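Engineer: This one is final-v4.cif, mmCIF, N, CA, C and O atoms.
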data_my_file
#
loop_
_atom_site.label_atom_id
_atom_site.label_comp_id
_atom_site.auth_asym_id
_atom_site.auth_seq_id
_atom_site.Cartn_x
_atom_site.Cartn_y
_atom_site.Cartn_z
N MET A 1 -15.00 -0.73 -42.54
CA MET A 1 -15.01 0.71 -42.62
C MET A 1 -13.59 1.21 -42.92
O MET A 1 -12.63 0.69 -42.38
N ALA A 2 -13.51 2.20 -43.76
CA ALA A 2 -12.21 2.74 -44.16
C ALA A 2 -11.96 4.08 -43.50
O ALA A 2 -12.84 4.66 -42.87
N HIS A 3 -10.77 4.56 -43.69
CA HIS A 3 -10.42 5.91 -43.25
C HIS A 3 -10.54 6.85 -44.45
O HIS A 3 -10.48 6.41 -45.61
N VAL A 4 -10.69 8.13 -44.16
CA VAL A 4 -10.96 9.13 -45.19
C VAL A 4 -10.05 10.34 -44.98
O VAL A 4 -9.89 10.81 -43.86
N VAL A 5 -9.48 10.84 -46.06
CA VAL A 5 -8.70 12.07 -46.02
C VAL A 5 -9.67 13.22 -46.31
O VAL A 5 -10.43 13.17 -47.28
N THR A 6 -9.64 14.25 -45.46
CA THR A 6 -10.62 15.33 -45.57
C THR A 6 -9.98 16.68 -45.90
O THR A 6 -8.79 16.76 -46.20
N ALA A 7 -10.78 17.73 -45.78
CA ALA A 7 -10.42 19.09 -46.21
C ALA A 7 -9.06 19.61 -45.75
O ALA A 7 -8.39 20.30 -46.53
N PRO A 8 -8.62 19.36 -44.52
CA PRO A 8 -7.32 19.94 -44.13
C PRO A 8 -6.15 19.51 -45.02
O PRO A 8 -5.12 20.18 -45.05
N CYS A 9 -6.30 18.42 -45.76
CA CYS A 9 -5.24 17.96 -46.66
C CYS A 9 -5.25 18.72 -47.99
O CYS A 9 -4.26 18.73 -48.71
N HIS A 10 -6.36 19.37 -48.29
CA HIS A 10 -6.48 20.09 -49.57
C HIS A 10 -5.39 21.15 -49.68
O HIS A 10 -5.31 22.06 -48.85
N ASP A 11 -4.55 21.00 -50.66
CA ASP A 11 -3.44 21.92 -50.94
C ASP A 11 -2.36 21.88 -49.86
O ASP A 11 -1.54 22.78 -49.78
N CYS A 12 -2.40 20.86 -49.02
CA CYS A 12 -1.40 20.66 -47.96
C CYS A 12 -0.95 19.20 -47.97
O CYS A 12 -1.28 18.44 -47.06
N LYS A 13 -0.30 18.79 -48.98
CA LYS A 13 0.06 17.38 -49.07
C LYS A 13 1.30 17.05 -48.25
O LYS A 13 2.41 17.39 -48.62
N TYR A 14 1.06 16.39 -47.13
CA TYR A 14 2.13 15.83 -46.31
C TYR A 14 2.00 14.32 -46.46
O TYR A 14 0.90 13.79 -46.37
N THR A 15 3.07 13.65 -46.68
CA THR A 15 2.99 12.23 -46.99
C THR A 15 3.46 11.32 -45.85
O THR A 15 3.69 10.14 -46.07
N ASP A 16 3.56 11.85 -44.66
CA ASP A 16 3.96 11.06 -43.50
C ASP A 16 3.04 9.85 -43.31
O ASP A 16 3.46 8.77 -42.93
N CYS A 17 1.75 10.04 -43.59
CA CYS A 17 0.75 8.99 -43.41
C CYS A 17 0.96 7.82 -44.36
O CYS A 17 0.70 6.67 -44.00
N CYS A 18 1.43 8.09 -45.54
CA CYS A 18 1.61 7.05 -46.56
C CYS A 18 2.68 6.04 -46.17
O CYS A 18 2.57 4.85 -46.49
N VAL A 19 3.70 6.51 -45.50
CA VAL A 19 4.85 5.67 -45.14
C VAL A 19 4.45 4.57 -44.16
O VAL A 19 4.98 3.46 -44.23
N VAL A 20 3.53 4.84 -43.27
CA VAL A 20 3.15 3.87 -42.23
C VAL A 20 2.02 2.94 -42.65
O VAL A 20 1.69 2.00 -41.93
N CYS A 21 1.43 3.15 -43.80
CA CYS A 21 0.30 2.33 -44.25
C CYS A 21 0.77 0.93 -44.64
O CYS A 21 1.53 0.77 -45.59
N PRO A 22 0.29 -0.11 -43.93
CA PRO A 22 0.74 -1.47 -44.24
C PRO A 22 0.17 -2.05 -45.53
O PRO A 22 0.69 -3.03 -46.05
N VAL A 23 -0.89 -1.44 -46.06
CA VAL A 23 -1.50 -1.97 -47.29
C VAL A 23 -1.37 -1.01 -48.48
O VAL A 23 -1.92 -1.26 -49.54
N GLU A 24 -0.63 0.08 -48.29
CA GLU A 24 -0.33 1.02 -49.37
C GLU A 24 -1.59 1.46 -50.13
O GLU A 24 -1.70 1.32 -51.33
N CYS A 25 -2.54 2.02 -49.38
CA CYS A 25 -3.82 2.39 -49.99
C CYS A 25 -3.96 3.89 -50.29
O CYS A 25 -5.06 4.36 -50.53
N PHE A 26 -2.86 4.62 -50.30
CA PHE A 26 -2.90 6.05 -50.57
C PHE A 26 -2.64 6.37 -52.04
O PHE A 26 -1.77 5.78 -52.67
N TYR A 27 -3.39 7.35 -52.53
CA TYR A 27 -3.23 7.87 -53.90
C TYR A 27 -3.21 9.38 -53.80
O TYR A 27 -3.70 9.97 -52.84
N GLN A 28 -2.63 10.02 -54.81
CA GLN A 28 -2.52 11.48 -54.79
C GLN A 28 -2.80 12.08 -56.15
O GLN A 28 -2.59 11.45 -57.19
N ASP A 29 -3.29 13.31 -56.12
CA ASP A 29 -3.34 14.12 -57.34
C ASP A 29 -2.61 15.42 -57.00
O ASP A 29 -1.90 15.49 -55.99
N GLU A 30 -2.78 16.43 -57.79
CA GLU A 30 -2.03 17.66 -57.57
C GLU A 30 -2.45 18.41 -56.31
O GLU A 30 -1.70 19.23 -55.80
N LYS A 31 -3.63 18.14 -55.78
CA LYS A 31 -4.14 18.91 -54.65
C LYS A 31 -4.11 18.20 -53.30
O LYS A 31 -3.99 18.84 -52.27
N MET A 32 -4.29 16.87 -53.27
CA MET A 32 -4.36 16.19 -51.98
C MET A 32 -4.18 14.68 -52.11
O MET A 32 -4.00 14.16 -53.20
N LEU A 33 -4.23 14.01 -50.96
CA LEU A 33 -4.14 12.56 -50.89
C LEU A 33 -5.52 11.96 -50.72
O LEU A 33 -6.44 12.62 -50.23
N TYR A 34 -5.66 10.69 -51.10
CA TYR A 34 -6.91 9.96 -50.98
C TYR A 34 -6.60 8.56 -50.48
O TYR A 34 -5.56 7.99 -50.83
N ILE A 35 -7.53 7.99 -49.73
CA ILE A 35 -7.40 6.62 -49.26
C ILE A 35 -8.38 5.76 -50.04
O ILE A 35 -9.57 6.08 -50.14
N ASP A 36 -7.88 4.66 -50.58
CA ASP A 36 -8.74 3.72 -51.30
C ASP A 36 -9.51 2.89 -50.27
O ASP A 36 -8.91 2.10 -49.54
N PRO A 37 -10.84 3.06 -50.19
CA PRO A 37 -11.61 2.33 -49.19
C PRO A 37 -11.65 0.82 -49.43
O PRO A 37 -11.92 0.05 -48.50
N VAL A 38 -11.36 0.40 -50.64
CA VAL A 38 -11.34 -1.03 -50.95
C VAL A 38 -10.13 -1.70 -50.30
O VAL A 38 -10.22 -2.81 -49.76
N ASP A 39 -9.00 -1.01 -50.30
CA ASP A 39 -7.76 -1.57 -49.77
C ASP A 39 -7.51 -1.25 -48.29
O ASP A 39 -6.79 -1.97 -47.61
N CYS A 40 -8.11 -0.18 -47.78
CA CYS A 40 -7.88 0.23 -46.39
C CYS A 40 -8.37 -0.85 -45.42
O CYS A 40 -9.49 -1.35 -45.56
N ILE A 41 -7.52 -1.18 -44.46
CA ILE A 41 -7.89 -2.21 -43.48
C ILE A 41 -8.26 -1.60 -42.13
O ILE A 41 -8.40 -2.30 -41.13
N ASP A 42 -8.43 -0.29 -42.08
CA ASP A 42 -8.88 0.41 -40.89
C ASP A 42 -7.93 0.21 -39.70
O ASP A 42 -8.36 0.06 -38.57
N CYS A 43 -6.65 0.22 -39.98
CA CYS A 43 -5.66 -0.03 -38.91
C CYS A 43 -5.37 1.22 -38.09
O CYS A 43 -4.81 1.14 -37.00
N GLU A 44 -5.70 2.39 -38.61
CA GLU A 44 -5.51 3.68 -37.96
C GLU A 44 -4.05 4.13 -37.85
O GLU A 44 -3.77 5.13 -37.20
N ALA A 45 -3.12 3.44 -38.47
CA ALA A 45 -1.71 3.83 -38.39
C ALA A 45 -1.47 5.22 -38.96
O ALA A 45 -0.61 5.96 -38.48
N CYS A 46 -2.25 5.61 -39.95
CA CYS A 46 -2.05 6.90 -40.62
C CYS A 46 -2.54 8.09 -39.80
O CYS A 46 -2.03 9.19 -39.94
N VAL A 47 -3.53 7.88 -38.96
CA VAL A 47 -4.18 8.98 -38.25
C VAL A 47 -3.20 9.84 -37.45
O VAL A 47 -3.16 11.06 -37.62
N PRO A 48 -2.40 9.27 -36.55
CA PRO A 48 -1.51 10.12 -35.77
C PRO A 48 -0.35 10.72 -36.57
O PRO A 48 0.31 11.66 -36.11
N GLU A 49 -0.11 10.22 -37.77
CA GLU A 49 0.99 10.72 -38.60
C GLU A 49 0.63 11.97 -39.39
O GLU A 49 1.51 12.65 -39.91
N CYS A 50 -0.64 12.28 -39.50
CA CYS A 50 -1.08 13.41 -40.32
C CYS A 50 -0.90 14.72 -39.55
O CYS A 50 -1.59 14.96 -38.57
N PRO A 51 0.01 15.59 -40.02
CA PRO A 51 0.28 16.83 -39.29
C PRO A 51 -0.85 17.86 -39.36
O PRO A 51 -0.86 18.82 -38.59
N VAL A 52 -1.80 17.69 -40.27
CA VAL A 52 -2.92 18.63 -40.36
C VAL A 52 -4.24 18.01 -39.87
O VAL A 52 -5.30 18.60 -40.04
N GLU A 53 -4.15 16.83 -39.27
CA GLU A 53 -5.31 16.14 -38.71
C GLU A 53 -6.46 16.03 -39.71
O GLU A 53 -7.61 16.38 -39.42
N ALA A 54 -6.14 15.51 -40.90
CA ALA A 54 -7.12 15.41 -41.98
C ALA A 54 -7.73 14.01 -42.13
O ALA A 54 -8.65 13.83 -42.91
N ILE A 55 -7.24 13.02 -41.38
CA ILE A 55 -7.69 11.64 -41.59
C ILE A 55 -8.61 11.21 -40.45
O ILE A 55 -8.28 11.33 -39.28
N PHE A 56 -9.77 10.69 -40.87
CA PHE A 56 -10.79 10.23 -39.93
C PHE A 56 -11.31 8.86 -40.35
O PHE A 56 -11.34 8.55 -41.54
N SER A 57 -11.78 8.11 -39.37
CA SER A 57 -12.51 6.89 -39.68
C SER A 57 -13.79 7.34 -40.40
O SER A 57 -14.37 8.38 -40.06
N GLU A 58 -14.23 6.55 -41.36
CA GLU A 58 -15.40 6.93 -42.15
C GLU A 58 -16.60 7.31 -41.28
O GLU A 58 -17.31 8.27 -41.57
N GLY A 59 -16.81 6.60 -40.20
CA GLY A 59 -17.93 6.89 -39.31
C GLY A 59 -17.75 8.11 -38.45
O GLY A 59 -18.71 8.58 -37.82
N ASN A 60 -16.54 8.67 -38.41
CA ASN A 60 -16.25 9.84 -37.58
C ASN A 60 -15.89 11.09 -38.37
O ASN A 60 -15.37 12.05 -37.80
N VAL A 61 -16.13 11.08 -39.67
CA VAL A 61 -15.84 12.25 -40.49
C VAL A 61 -16.77 13.39 -40.04
O VAL A 61 -17.99 13.20 -39.97
N PRO A 62 -16.22 14.56 -39.71
CA PRO A 62 -17.08 15.69 -39.32
C PRO A 62 -18.11 15.99 -40.41
O PRO A 62 -17.82 15.87 -41.61
N ALA A 63 -19.29 16.37 -40.00
CA ALA A 63 -20.41 16.59 -40.92
C ALA A 63 -20.07 17.52 -42.08
O ALA A 63 -20.47 17.27 -43.22
N GLN A 64 -19.32 18.58 -41.79
CA GLN A 64 -19.00 19.55 -42.85
C GLN A 64 -18.09 18.95 -43.94
O GLN A 64 -17.96 19.52 -45.01
N TRP A 65 -17.47 17.81 -43.65
CA TRP A 65 -16.59 17.17 -44.62
C TRP A 65 -17.12 15.82 -45.10
O TRP A 65 -16.38 15.01 -45.66
N SER A 66 -18.39 15.55 -44.89
CA SER A 66 -18.97 14.25 -45.25
C SER A 66 -18.82 13.92 -46.74
O SER A 66 -18.72 12.76 -47.11
N SER A 67 -18.76 14.93 -47.58
CA SER A 67 -18.60 14.69 -49.03
C SER A 67 -17.25 14.05 -49.35
O SER A 67 -17.09 13.46 -50.43
N TYR A 68 -16.30 14.13 -48.44
CA TYR A 68 -14.97 13.56 -48.68
C TYR A 68 -14.99 12.02 -48.65
O TYR A 68 -14.08 11.39 -49.18
N VAL A 69 -16.01 11.43 -48.05
CA VAL A 69 -16.12 9.97 -48.05
C VAL A 69 -16.26 9.48 -49.49
O VAL A 69 -15.50 8.63 -49.96
N GLN A 70 -17.19 10.06 -50.22
CA GLN A 70 -17.40 9.70 -51.61
C GLN A 70 -16.24 10.17 -52.48
O GLN A 70 -15.80 9.45 -53.39
N LEU A 71 -15.71 11.35 -52.20
CA LEU A 71 -14.59 11.88 -52.98
C LEU A 71 -13.39 10.94 -52.90
O LEU A 71 -12.76 10.65 -53.93
N ASN A 72 -13.05 10.46 -51.70
CA ASN A 72 -11.92 9.53 -51.56
C ASN A 72 -12.15 8.28 -52.38
O ASN A 72 -11.26 7.82 -53.09
N SER A 73 -13.35 7.74 -52.30
CA SER A 73 -13.67 6.52 -53.03
C SER A 73 -13.54 6.72 -54.54
O SER A 73 -12.89 5.93 -55.23
N GLU A 74 -14.13 7.79 -55.04
CA GLU A 74 -14.11 8.05 -56.48
C GLU A 74 -12.71 8.39 -57.00
O GLU A 74 -12.28 7.86 -58.01
N ARG A 75 -12.01 9.30 -56.30
CA ARG A 75 -10.68 9.71 -56.77
C ARG A 75 -9.67 8.58 -56.65
O ARG A 75 -8.85 8.38 -57.55
N ALA A 76 -9.72 7.82 -55.55
CA ALA A 76 -8.78 6.70 -55.39
C ALA A 76 -9.00 5.68 -56.50
O ALA A 76 -8.04 5.19 -57.09
N ALA A 77 -10.25 5.38 -56.81
CA ALA A 77 -10.55 4.41 -57.87
C ALA A 77 -10.05 4.90 -59.23
O ALA A 77 -9.45 4.15 -59.99
N ALA A 78 -10.30 6.18 -59.52
CA ALA A 78 -9.87 6.75 -60.80
C ALA A 78 -8.35 6.79 -60.91
O ALA A 78 -7.78 6.44 -61.94
N LEU A 79 -7.69 7.21 -59.83
CA LEU A 79 -6.23 7.29 -59.85
C LEU A 79 -5.60 5.91 -59.91
O LEU A 79 -4.59 5.70 -60.59
N LYS A 80 -6.20 4.95 -59.23
CA LYS A 80 -5.71 3.57 -59.26
C LYS A 80 -5.82 3.01 -60.67
O LYS A 80 -4.88 2.38 -61.18
N ALA A 81 -6.94 3.26 -61.32
CA ALA A 81 -7.17 2.78 -62.68
C ALA A 81 -6.22 3.42 -63.68
O ALA A 81 -5.78 2.79 -64.64
N ALA A 82 -5.88 4.68 -63.45
CA ALA A 82 -5.00 5.41 -64.36
C ALA A 82 -3.54 4.97 -64.25
O ALA A 82 -2.76 5.15 -65.17
N GLY A 83 -3.18 4.38 -63.11
CA GLY A 83 -1.79 3.94 -62.92
C GLY A 83 -0.85 5.13 -62.77
O GLY A 83 -1.24 6.19 -62.32
N GLY A 84 0.38 4.93 -63.14
CA GLY A 84 1.36 6.01 -63.07
C GLY A 84 1.83 6.29 -61.66
O GLY A 84 1.84 5.40 -60.81
N ASP A 85 2.16 7.54 -61.38
CA ASP A 85 2.75 7.90 -60.10
C ASP A 85 1.72 8.39 -59.07
O ASP A 85 2.07 8.98 -58.06
N ALA A 86 0.44 8.13 -59.30
CA ALA A 86 -0.60 8.54 -58.36
C ALA A 86 -0.58 7.70 -57.08
O ALA A 86 -0.98 8.16 -56.02
N HIS A 87 -0.10 6.45 -57.18
CA HIS A 87 -0.01 5.58 -56.01
C HIS A 87 1.20 6.02 -55.21
O HIS A 87 2.32 6.06 -55.72
N ILE A 88 1.00 6.34 -53.95
CA ILE A 88 2.09 6.87 -53.14
C ILE A 88 2.36 5.98 -51.94
O ILE A 88 1.45 5.66 -51.18
N THR A 89 3.61 5.57 -51.80
CA THR A 89 3.99 4.67 -50.71
C THR A 89 5.20 5.19 -49.92
O THR A 89 5.53 4.63 -48.89
N GLU A 90 5.84 6.23 -50.42
CA GLU A 90 7.03 6.75 -49.77
C GLU A 90 6.86 8.24 -49.48
O GLU A 90 6.12 8.94 -50.18
N LYS A 91 7.57 8.70 -48.47
CA LYS A 91 7.50 10.11 -48.09
C LYS A 91 8.08 10.97 -49.22
O LYS A 91 9.10 10.65 -49.81
N GLN A 92 7.39 12.05 -49.48
CA GLN A 92 7.83 13.02 -50.48
C GLN A 92 7.90 14.38 -49.81
O GLN A 92 7.40 14.56 -48.70
N ASP A 93 8.50 15.34 -50.48
CA ASP A 93 8.53 16.69 -49.95
C ASP A 93 7.10 17.20 -49.79
O ASP A 93 6.24 16.95 -50.64
N ALA A 94 6.84 17.91 -48.70
CA ALA A 94 5.52 18.45 -48.45
C ALA A 94 5.15 19.48 -49.51
O ALA A 94 6.02 20.17 -50.04
N LYS A 95 3.89 19.55 -49.81
CA LYS A 95 3.39 20.57 -50.72
C LYS A 95 2.46 21.47 -49.94
O LYS A 95 1.41 21.04 -49.47
N GLU A 96 2.86 22.70 -49.73
CA GLU A 96 2.02 23.67 -49.04
C GLU A 96 1.63 24.73 -50.04
O GLU A 96 2.33 25.72 -50.23
N GLY A 97 0.49 24.51 -50.67
CA GLY A 97 0.00 25.46 -51.67
C GLY A 97 -0.68 26.66 -51.02
O GLY A 97 -0.78 26.75 -49.79
N PRO A 98 -1.16 27.59 -51.82
CA PRO A 98 -1.77 28.82 -51.30
C PRO A 98 -3.00 28.58 -50.43
O PRO A 98 -3.34 29.39 -49.59
N GLU A 99 -3.69 27.44 -50.62
CA GLU A 99 -4.89 27.16 -49.83
C GLU A 99 -4.58 26.35 -48.57
O GLU A 99 -5.49 26.03 -47.81
N CYS A 100 -3.33 26.04 -48.33
CA CYS A 100 -2.94 25.25 -47.16
C CYS A 100 -3.16 26.07 -45.89
O CYS A 100 -2.67 27.19 -45.78
N LYS A 101 -3.86 25.49 -44.94
CA LYS A 101 -4.17 26.20 -43.69
C LYS A 101 -3.08 26.04 -42.62
O LYS A 101 -3.09 26.70 -41.63
N LYS A 102 -2.12 25.13 -42.85
CA LYS A 102 -1.09 24.87 -41.83
C LYS A 102 -0.05 25.99 -41.76
O LYS A 102 0.53 26.22 -40.73
N LYS A 103 0.19 26.65 -42.85
CA LYS A 103 1.25 27.66 -42.94
C LYS A 103 1.23 28.64 -41.79
O LYS A 103 0.21 29.07 -41.33
#
Spit out the file's structure as structure tokens when you get a sec.
Structural biologist:
Amino acid sequence: MAHVVTAPCHDCKYTDCCVVCPVECFYQDEKMLYIDPVDCIDCEACVPECPVEAIFSEGNVPAQWSSYVQLNSERAAALKAAGGDAHITEKQDAKEGPECKKK
């Protein structure tokens, strides 16, 4: 079972979680981060690092965000295949867009 990045990350990209990931399974696009379920080893290291509490174990994703399980899988696979700078392993400046709820 993998971990999943959910709605609170949308337009609130904090990369604290990426730094602690031992298998580097995080990918990003302009709006949020995604966890590749193929590479995730379910270590939970990322969970306490997320300042917006957006990361859940796949089996514990709140019902209203269940679509994020498939979204993470699809987006991570597409971003991984595309290469480039979508793979994220180091902390970057936070992105708090207009839809960010943390502000």
Engineer: Would you mind listing what lies within 10 Å of Cys18 (chain A) as a list in words, with only C-alpha atoms counted and same-chain residues fewer than 5 positions away left out?
Structural biologist: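 The residues satisfying every condition are Val23, Glu24, Cys25, Phe26, Tyr27, Leu33, Ile35, Ala45, Cys46, Glu49, Cys50, His87, Ile88, Thr89, Glu90, Lys91 and Gln92 of chain A.
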Engineer: Just to confirm, what's the straight-line distance from atom N of Glu99 (chain A) to CA of Ala2 (chain A) in Å (one decimal)?
Structural biologist: 26.9 Å
Engineer: Report as a PyMOL selection string the residues that result from applying the PyMOL selection byres ((chain A and resi 72) around 8) to the structure here.
Structural biologist: chain A and resi 3-5+25+27+33-38+66-71+73-79
Engineer: Counting all atoms listed in the file, which of A:Cys43, A:Val61, A:Ala86, A:Val52 gets nearest to Cys12 (chain A)?
Structural biologist: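 Among the listed residues, A:Val52 lies closest to Cys12 (chain A).
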Engineer: Just the number, please: distance in Å from CA of Met1 (chain A) to CA of Asp29 (chain A), one decimal.
Structural biologist: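 CA of Met1 (chain A) sits 23.1 Å away from CA of Asp29 (chain A).
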Engineer: Rounded to one decimal, what separation in Å do you get between CA of Thr15 (chain A) and CA of Ala94 (chain A)?
Structural biologist: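 CA of Ala94 (chain A) lies at a distance of 6.9 Å from CA of Thr15 (chain A).
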Engineer: How big is the axis-aligned box, and where does its centre sit, when it encloses all atoms of region 23-31 of chain A listed in the file and has 6 Å added on every side, reported in Å to one decimal as JSON?
Structural biologist:
{"center_x": -2.7, "center_y": 8.6, "center_z": -51.9, "size_x": 16.7, "size_y": 33.2, "size_z": 23.7}
Engineer: Under the rule that all atoms listed in the file are counted, which of A:Cys17, A:Gln28, A:Ala7, A:Glu96 is the nearest residue to Lys80 (chain A)?
Structural biologist: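 Checking each of A:Cys17, A:Gln28, A:Ala7, A:Glu96 against Lys80 (chain A), counting all atoms listed in the file, the winner is A:Gln28.
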Engineer: What would the file be for region 25-34 of chain A if you keep all heavy atoms and write it as a PDB file, in the first residue's frame?
Structural biologist:
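Heads up, here's the output in out-v4.pdb:
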ATOM      1  N   CYS A  25      10.113   9.106  -4.218  1.00  0.00           N
ATOM      2  CA  CYS A  25       8.939   8.776  -5.032  1.00  0.00           C
ATOM      3  C   CYS A  25       7.993   9.955  -5.278  1.00  0.00           C
ATOM      4  O   CYS A  25       6.866   9.759  -5.698  1.00  0.00           O
ATOM      5  CB  CYS A  25       8.183   7.602  -4.414  1.00  0.00           C
ATOM      6  SG  CYS A  25       7.466   7.924  -2.800  1.00  0.00           S
ATOM      7  N   PHE A  26       8.461  11.175  -5.039  1.00  0.00           N
ATOM      8  CA  PHE A  26       7.623  12.357  -5.239  1.00  0.00           C
ATOM      9  C   PHE A  26       7.835  12.986  -6.616  1.00  0.00           C
ATOM     10  O   PHE A  26       8.954  13.092  -7.098  1.00  0.00           O
ATOM     11  CB  PHE A  26       7.916  13.419  -4.171  1.00  0.00           C
ATOM     12  CG  PHE A  26       7.250  13.145  -2.857  1.00  0.00           C
ATOM     13  CD1 PHE A  26       7.856  12.329  -1.920  1.00  0.00           C
ATOM     14  CD2 PHE A  26       6.015  13.694  -2.560  1.00  0.00           C
ATOM     15  CE1 PHE A  26       7.248  12.066  -0.709  1.00  0.00           C
ATOM     16  CE2 PHE A  26       5.399  13.449  -1.346  1.00  0.00           C
ATOM     17  CZ  PHE A  26       6.018  12.629  -0.419  1.00  0.00           C
ATOM     18  N   TYR A  27       6.716  13.434  -7.192  1.00  0.00           N
ATOM     19  CA  TYR A  27       6.714  14.147  -8.471  1.00  0.00           C
ATOM     20  C   TYR A  27       5.841  15.375  -8.299  1.00  0.00           C
ATOM     21  O   TYR A  27       4.988  15.436  -7.413  1.00  0.00           O
ATOM     22  CB  TYR A  27       6.180  13.239  -9.594  1.00  0.00           C
ATOM     23  CG  TYR A  27       7.161  12.123  -9.875  1.00  0.00           C
ATOM     24  CD1 TYR A  27       7.168  10.961  -9.113  1.00  0.00           C
ATOM     25  CD2 TYR A  27       8.122  12.262 -10.858  1.00  0.00           C
ATOM     26  CE1 TYR A  27       8.105   9.960  -9.331  1.00  0.00           C
ATOM     27  CE2 TYR A  27       9.069  11.268 -11.091  1.00  0.00           C
ATOM     28  CZ  TYR A  27       9.046  10.129 -10.325  1.00  0.00           C
ATOM     29  OH  TYR A  27       9.983   9.160 -10.535  1.00  0.00           O
ATOM     30  N   GLN A  28       6.063  16.376  -9.146  1.00  0.00           N
ATOM     31  CA  GLN A  28       5.304  17.621  -9.028  1.00  0.00           C
ATOM     32  C   GLN A  28       4.900  18.151 -10.387  1.00  0.00           C
ATOM     33  O   GLN A  28       5.561  17.918 -11.396  1.00  0.00           O
ATOM     34  CB  GLN A  28       6.143  18.677  -8.308  1.00  0.00           C
ATOM     35  CG  GLN A  28       7.358  19.130  -9.102  1.00  0.00           C
ATOM     36  CD  GLN A  28       8.128  20.227  -8.417  1.00  0.00           C
ATOM     37  OE1 GLN A  28       7.600  20.927  -7.566  1.00  0.00           O
ATOM     38  NE2 GLN A  28       9.390  20.396  -8.785  1.00  0.00           N
ATOM     39  N   ASP A  29       3.791  18.871 -10.384  1.00  0.00           N
ATOM     40  CA  ASP A  29       3.430  19.685 -11.540  1.00  0.00           C
ATOM     41  C   ASP A  29       3.215  21.099 -11.006  1.00  0.00           C
ATOM     42  O   ASP A  29       3.625  21.406  -9.882  1.00  0.00           O
ATOM     43  CB  ASP A  29       2.211  19.113 -12.291  1.00  0.00           C
ATOM     44  CG  ASP A  29       0.922  19.072 -11.468  1.00  0.00           C
ATOM     45  OD1 ASP A  29       0.845  19.730 -10.393  1.00  0.00           O
ATOM     46  OD2 ASP A  29      -0.022  18.389 -11.896  1.00  0.00           O
ATOM     47  N   GLU A  30       2.593  21.943 -11.766  1.00  0.00           N
ATOM     48  CA  GLU A  30       2.457  23.335 -11.341  1.00  0.00           C
ATOM     49  C   GLU A  30       1.520  23.518 -10.146  1.00  0.00           C
ATOM     50  O   GLU A  30       1.588  24.530  -9.464  1.00  0.00           O
ATOM     51  CB  GLU A  30       1.997  24.216 -12.514  1.00  0.00           C
ATOM     52  CG  GLU A  30       0.656  23.835 -13.111  1.00  0.00           C
ATOM     53  CD  GLU A  30       0.685  22.609 -14.029  1.00  0.00           C
ATOM     54  OE1 GLU A  30       1.780  22.191 -14.472  1.00  0.00           O
ATOM     55  OE2 GLU A  30      -0.394  22.061 -14.284  1.00  0.00           O
ATOM     56  N   LYS A  31       0.661  22.556  -9.863  1.00  0.00           N
ATOM     57  CA  LYS A  31      -0.334  22.716  -8.806  1.00  0.00           C
ATOM     58  C   LYS A  31      -0.064  21.956  -7.517  1.00  0.00           C
ATOM     59  O   LYS A  31      -0.463  22.390  -6.449  1.00  0.00           O
ATOM     60  CB  LYS A  31      -1.721  22.311  -9.319  1.00  0.00           C
ATOM     61  CG  LYS A  31      -2.347  23.337 -10.221  1.00  0.00           C
ATOM     62  CD  LYS A  31      -2.732  24.570  -9.445  1.00  0.00           C
ATOM     63  CE  LYS A  31      -3.451  25.565 -10.315  1.00  0.00           C
ATOM     64  NZ  LYS A  31      -3.780  26.781  -9.610  1.00  0.00           N
ATOM     65  N   MET A  32       0.561  20.767  -7.593  1.00  0.00           N
ATOM     66  CA  MET A  32       0.736  19.981  -6.378  1.00  0.00           C
ATOM     67  C   MET A  32       1.779  18.881  -6.543  1.00  0.00           C
ATOM     68  O   MET A  32       2.356  18.720  -7.608  1.00  0.00           O
ATOM     69  CB  MET A  32      -0.595  19.403  -5.887  1.00  0.00           C
ATOM     70  CG  MET A  32      -1.237  18.379  -6.798  1.00  0.00           C
ATOM     71  SD  MET A  32      -2.813  17.756  -6.125  1.00  0.00           S
ATOM     72  CE  MET A  32      -2.240  16.550  -4.939  1.00  0.00           C
ATOM     73  N   LEU A  33       1.978  18.131  -5.463  1.00  0.00           N
ATOM     74  CA  LEU A  33       2.893  16.993  -5.446  1.00  0.00           C
ATOM     75  C   LEU A  33       2.104  15.699  -5.580  1.00  0.00           C
ATOM     76  O   LEU A  33       0.916  15.650  -5.235  1.00  0.00           O
ATOM     77  CB  LEU A  33       3.670  16.954  -4.122  1.00  0.00           C
ATOM     78  CG  LEU A  33       4.496  18.189  -3.774  1.00  0.00           C
ATOM     79  CD1 LEU A  33       5.068  18.033  -2.369  1.00  0.00           C
ATOM     80  CD2 LEU A  33       5.598  18.398  -4.779  1.00  0.00           C
ATOM     81  N   TYR A  34       2.780  14.654  -6.044  1.00  0.00           N
ATOM     82  CA  TYR A  34       2.177  13.336  -6.198  1.00  0.00           C
ATOM     83  C   TYR A  34       3.178  12.294  -5.724  1.00  0.00           C
ATOM     84  O   TYR A  34       4.387  12.472  -5.896  1.00  0.00           O
ATOM     85  CB  TYR A  34       1.825  13.061  -7.666  1.00  0.00           C
ATOM     86  CG  TYR A  34       0.976  14.138  -8.272  1.00  0.00           C
ATOM     87  CD1 TYR A  34       1.559  15.202  -8.955  1.00  0.00           C
ATOM     88  CD2 TYR A  34      -0.408  14.116  -8.136  1.00  0.00           C
ATOM     89  CE1 TYR A  34       0.788  16.215  -9.497  1.00  0.00           C
ATOM     90  CE2 TYR A  34      -1.194  15.136  -8.682  1.00  0.00           C
ATOM     91  CZ  TYR A  34      -0.585  16.180  -9.358  1.00  0.00           C
ATOM     92  OH  TYR A  34      -1.350  17.176  -9.883  1.00  0.00           O
TER      93      TYR A  34
END
